[in-house]
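Before any comments, here is the structure.
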Amino acid sequence: MTPRARAGFITLFLLPASALYALFVVIPVVQAFAFSLYRWRGISANRTFIGLENFQQLFNDPLVWRALSHNLLLFVGTSVVILTVSLALAHAVGAESALARFLRSVYLFPQVISLVVVAILWMFILNPSFGILNATLKAVGLKEWAITWLGNPYTALASIGVAHVWHALGFYIMLFAAALRTIPTDVMEAATLDGATGLVRLRYVTLPLLWAVLRIALVYMAIGTMNIFSLVFLMTQGGPDRATEVMLTYLYEQAFKHSEFGYATALAVVNFVLVMALSGAILTLFRHNPQEGRG
Amino acid sequence: MIRRAVVNLCLFLFALSVIVPLLWVLMTAFKTGHEIFTSPWGLPHTPQWENFVRAWEEAGIARYFLNSLIVTLATLAILLPIGAMAAYVFARYPFRGAKWLFGAFLGGMMFPLFLTIVPLFFLLARLGMLDTLHGLTLVYVAYSLPFTVFVLTGFFQTLPQEMLEAALIDGCGHARAFWKVMLPLAKPGIIVVGVFNAIGLWNEYPLALVIMTSDERRTLPLGIANLLMVEQYQSDWGALFAGLVIVMLPVLLVYWLFRDRIHETMIAGALKG
């Protein structure tokens, strides 16, 4: 093929994908950073350049801080639960038995159904009049525990956290189980023969070998909870009384209910930067594997 | 021995926590409104197939189902060929700036959707594509490209070079060799990527929420979420439960058929990212 024909072939094959990607992804990303510098209300083309004023306003908006604190609470709370359960079960789930294979497939059910279904499913489970949670509590004599879970500011955020864990857990169990399978079995067998089981094995064998995967998993969990939207939007709309407001539901409200498009885009930029910073912090914090290369 | 028993018990309990809610939804979808309220745990006395009929016909699920089907299939029909073409070039035809362009595609997996949602909304408004199925389809294609190109590039790299050379010696042009020889060879990879994307598209909510506004063009997740909020259906819980079953059943079926390949792709994508 002549260089000319080759260049033509490459261009022709890359063009459709690149054009669509540039139009609908790259340009909006660039625009997002630009939009955040404008005051822009309503659909009109009426935009005023205000520099960093949106960011200043954001910094002084107590609801932004409140929303951010809910995102961080969800991150810490759900990742502790997810890590504990998935590390505890990874060995057993990763086994090559027919039962383990079956369970791995079942565990991913919540991951493959729509988040909309997950949200409605949990709203129904938690429903005070026909949900199975309160029905069970009443049946075992814990009547005073049967409360309006999503309508109570003290339990609403935790309830969303439970739904999030239910949705996400299977993926992390799979991830750790797969990572464990890449570890040569003789390492595990040697450790077991040396009497390392349970917590000892976890501390000195499993964790160090899984360290790289663990870092990535934590970053995924941070991204997942910082960008949580559908569950909150459907289950509580950020209520009651903003008790479950998160960054993206607040962004959605500013943009598509109050038409504060400039402010909402500034929020999007801040959220993006925060996710990046949090991911970077996690990667730095967990850079050194405690069992490797001391000194 | 005891430890093993405890671990197995945990495995079993977690499997139950996944299965029981799903079975509960399935069971409740067959109950009368009265039964739903009076015995949440009870079995339906007689299966109420009418719940499904009402959900399908009166609640508009049929319309939403069709919209979701159209958008999902149309997206795949555009995404898979153009994604495969780009991936093929990235895998086989090194050129100046290839790394940079490939990086730009992968970067899309890093940006959260909401960073672009406001500019995207206005872009679609200007193109007259807001609240249209083709607008949603093109957006879905664009946002599915990073993952698709990433996985297919890896797949094309594993195909034997000899096949391509044989085709070229036979007098095929490079484009023809791609369509006639390399693409059929890549079929297993294309199927996995297609299934993976299909599940994600079928389930997608935030983009559709912002782009689609009129009821008759709602996709299934939008439609069912709206049914929940609309007052008139709040009394018809049986139909709503039936609607949930209709939304999740196709996905669970497709997932079950392709589960092993889906697991591999999921893990590979997660660990390389």
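By order in the structure tokens, chains are A, B, ...; within a chain, residues start at 1; ligands start at 1, following the order shown.
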Expected answer as a PyMOL selection string: chain A residues within 7 Å of chain B, only C-alpha atoms: chain A and resi 10+13-14+16-17+20-21+24-25+28-29+31-32+89+103+105-107+112-114+116-117+129-132+135+175+230+261+265+268-269+272
Picked from range 36-239 of chain A by DSSP as alpha helix (DSSP H), as a count of residues only: 137
Counting only C-alpha atoms, the option among B:Leu9, B:Ser235, B:Val192, B:Leu227 closest to Leu234 in chain A: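 Among the listed residues, B:Leu227 lies closest to Leu234 in chain A.
Counting from CA of Leu126 in chain A, the distance to CA of Leu108 in chain A is 22.0 Å.
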